[in-house]
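J.: Before I ask anything, let me first share the structure, which is written out below as structure tokens.
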Amino acid sequence: MRQPLAGIRVLDLGTRIAAPFCAGVLGEQGAEVIKVEDPGRGDPSRINGPFTMDDEGNRYSLYWSVEGRGRKSVTINLRDPEGQDLFRRLASVCDVVCENFRPGTLERWNIDPSRLDPRLVTARISLFGQDGPKSLYNGFDHNAVAFAGLTHLTGHADGPPARPGLPVSDYLTAAFAAQAVTSLLYERDARGTGTGGVVDAYLYGSVLRIMEWTIAAYDRLGEVRQRTGNRSERAAPLDNYRSRDGRYVCIVAVRQPVFERLCEAMGRSELSTDERFRSSGERGRHRDEVNEIVAAWAAGLDAATIEERCLHYSVPVGIVYDVAGMAADEHVRARGDLCTVDDPVIGPVRQQAPFPRFDDGAPPVPAGAPRLGEHTDEVLAGLVGLSGAEIAALRDGNVI
């Protein structure tokens with residue numbers, strides 16, 4: 001099985017989402033990931049719900065079971081000078097550090113990139129970046145998505161701005177950062193520079209980068225993009241249409257040939273020659289009218305029938321799934337998009353599989369999320385070279 005980052009060792013120094021997910025992406029492509037956590041407390045994700053119960057009746061975080069998988073756990077007190085020295089020694093035998101503390105935190109702990117081996121690639125993830133007038137502001141994904149303008153575009157035109165249903169900026173920034181890390185590793189190793197570098201990845205920046213034509217239209221046209229709900233402000237028909245059985249079906253038929261095929265699927269071929277709908281531009285100007293026609297057609301059929309008819313006429317279509325529908329879909333099963341992870345606390349649990357895959361098949365199933373400090377002795381002895389007595393002394397001093 002292809003593992004392009006085999007031999008690369010990553011230190012996950014982050015908490016909650018962005019930096020740990022960046023490290024996790026690298027791990028699922030073959031890197032060894034070691035998570036450094038605060039002794040006694042660990043990553044706050046360990047106490048994020050929803051919860052299930054372990055065999056002893058204790059609550060266990062399913063959030064942690066997913067986001068903590070595929071790595072080893074080592075506890076080091078980074079506020080302690082001995083812990084800082086220990087971290088620097090551990091970092092010297094690694095390739096990548098992923099962190100998402102507020103800018104300046106690593107500098108206060110004496111473990112910022114300037115104090116580490118220059119071969120290291122460091123992914124520094126923050127809300128506003130490592131410098132600039134807002135760099136020290138505290139905040140989370142919701143703040144980043146709002147700042148970058150995506151919240152303003154999310155929701156219906158006659159309603160308030162709505163946040164996306166998931167922490168988009170955390171995951172998106174992590175993915176961008178992982179790609180940048182591999183670029184610096186390539187420069188270091190394949191091109192032979194011998195030095196790593198720093199990736200300055202900030203939450204609002206990843207969202208800003210995917211904002212399509214929003215900035216250009218404001219610059220050249222003075223246009224301030226607004227919310228349009230599930231419909232487009234320039235093209236139609238496009239919407240999530242409610243079916244007779246109370247489900248929603250996404251239909252995208254904005255190109256002229258596709259619209260003509262949708263008309264056939266609806267048994268309304270005359271619509272394709274209607275003056276209001278005979279071109280993409282005209283349908284954009286009469287978007288509410290054409291969308292309402294499609295909505296009325298969909299309301300008279302069950303979702304499965306709508307999908308069947310659209311597929312028969314090669315119209316892009318998809319039932320809007322909840323998790324139960326998605327998990328039961330034959331394509332998801334055939335592609336192996338879900339996998340069963342052997343969690344050390346709760347046993348087998350089905351989760352989303354690593355993504356993407358390479359041409360030799362699905363990547364290996366990740367190891368389950370580790371218990372707090374589960375690998376401390378193994379890593380400190382095997383990588384740092386500490387003796388059993390030295391590890392015991394550090395533990396007695398609350399350094400690990």
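Convention: chains lettered A, B, ... in structure tokens order; per-chain residue numbering from 1; ligands numbered from 1 as shown.
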Do you have, as JSON lines, the list of residues of region 34-134 of chain A lying at most 10 Å from region 158-172 of chain A, each with its nearest atom pair and that distance in Å to one decimal, counting only C-alpha atoms and ordered by chain then number?

T.:
{"residue": "A:Ile125", "atom": "CA", "partner": "A:Asp170", "partner_atom": "CA", "distance": 9.0}
{"residue": "A:Ser126", "atom": "CA", "partner": "A:Asp170", "partner_atom": "CA", "distance": 9.4}
{"residue": "A:Leu127", "atom": "CA", "partner": "A:Asp170", "partner_atom": "CA", "distance": 9.2}

J.: Pick the closest to Thr122 (chain A) from A:Gly196, A:Gly68, A:Pro103, A:Gly83: which is it, counting only C-alpha atoms?

T.: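 Checking each candidate against Thr122 (chain A), we get A:Gly196 as the closest.
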
J.: Pick the closest to Gly397 (chain A) from A:Cys98, A:Lys72, A:Pro39, A:Asp288: which is it, counting only C-alpha atoms?

T.: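 Under the stated criterion, the closest residue is A:Pro39.
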
J.: Pick from A:Arg119, A:Glu390, A:Ala304, A:Cys310: nearest to Ser243 (chain A), with only C-alpha atoms counted?

T.: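 Checking each of A:Arg119, A:Glu390, A:Ala304, A:Cys310 against Ser243 (chain A), counting only C-alpha atoms, the winner is A:Ala304.
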
J.: Which residues, written as a ChimeraX atom specification, have at least one atom at most 6 Å from Cys22 (chain A), with only C-alpha atoms counted and residues fewer than 3 positions away on the same chain left out?

T.: /A:19,25,174,178

J.: Where does region 63-115 of chain A meet region 44-59 of chain A within 9 Å, residue by residue, with the nearest atom pair and distance in Å to one decimal for each, counting only C-alpha atoms, listed by chain and rising number, as JSON lines?

T.:
{"residue": "A:Tyr63", "atom": "CA", "partner": "A:Asn48", "partner_atom": "CA", "distance": 6.1}
{"residue": "A:Trp64", "atom": "CA", "partner": "A:Arg46", "partner_atom": "CA", "distance": 5.1}
{"residue": "A:Ser65", "atom": "CA", "partner": "A:Arg46", "partner_atom": "CA", "distance": 8.3}
{"residue": "A:Glu67", "atom": "CA", "partner": "A:Ser45", "partner_atom": "CA", "distance": 8.0}
{"residue": "A:Gly68", "atom": "CA", "partner": "A:Ser45", "partner_atom": "CA", "distance": 8.1}

J.: So which one's closest to Val10 (chain A), A:Leu185, A:Val145, A:Leu221, A:Ile111? Using only C-alpha atoms, please.

T.: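 Under the stated criterion, the closest residue is A:Leu185.
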
J.: Enumerate as a list in words all residues of region 9-51 of chain A assigned to alpha helix (DSSP H) by DSSP on the backbone, naming them with the chain letters and numbers the document uses.

T.: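 Answer for region 9-51 of chain A, restricted to alpha helix (DSSP H): Ala18, Ala19, Pro20, Phe21, Cys22, Ala23, Gly24, Val25, Leu26, Gly27 and Glu28 of chain A.
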
J.: Atoms to include: C-alpha atoms. Write the selected residues as a short mmCIF file (atom, residue, chain, number, x, y, z; two decimals), in the first residue's frame.

T.:
data_model
loop_
_atom_site.label_atom_id
_atom_site.label_comp_id
_atom_site.auth_asym_id
_atom_site.auth_seq_id
_atom_site.Cartn_x
_atom_site.Cartn_y
_atom_site.Cartn_z
CA ALA A 18 -6.91 22.72 13.08
CA ALA A 19 -3.35 21.67 13.96
CA PRO A 20 -4.34 18.14 15.03
CA PHE A 21 -6.27 17.66 11.79
CA CYS A 22 -3.27 18.90 9.79
CA ALA A 23 -1.11 16.31 11.55
CA GLY A 24 -3.80 13.68 11.05
CA VAL A 25 -3.91 14.28 7.29
CA LEU A 26 -0.13 13.80 7.13
CA GLY A 27 -0.47 10.67 9.25
CA GLU A 28 -3.07 9.16 6.95
#

J.: I want to know what sits within 10 Å of Tyr204 (chain A), based on only C-alpha atoms, with residues of the same chain fewer than 3 positions away left out; could you give that as JSON, numbers by chain?

T.: {"A": [126, 127, 128, 129, 140, 141, 142, 143, 144, 145, 146, 147, 148, 149, 150, 168, 169, 170, 172, 173, 201, 207, 208, 209]}

J.: One number please: CA of Glu260 (chain A) to CA of Tyr248 (chain A), in Å, one decimal.

T.: 21.9 Å

J.: I'd like the interatomic distance between CA of Ala393 (chain A) and CA of Pro81 (chain A), to a tenth of an Å.

T.: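 One can read the CA of Ala393 (chain A) to CA of Pro81 (chain A) distance as 14.6 Å.
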
J.: If we count only C-alpha atoms, what is near Thr193 (chain A) at a cut-off of 12 Å, once residues fewer than 5 positions away on the same chain are taken out, given as a ChimeraX atom specification?

T.: /A:118-119,184-188

J.: Which residues are close to Arg261 (chain A), i.e. within 9 Å by only C-alpha atoms, leaving aside same-chain residues fewer than 6 positions away? Reply as a list in words.

T.: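 The residues satisfying every condition are Ala253, Ser269, Ser272, Cys310, Tyr313, Ser314 and Val315 of chain A.
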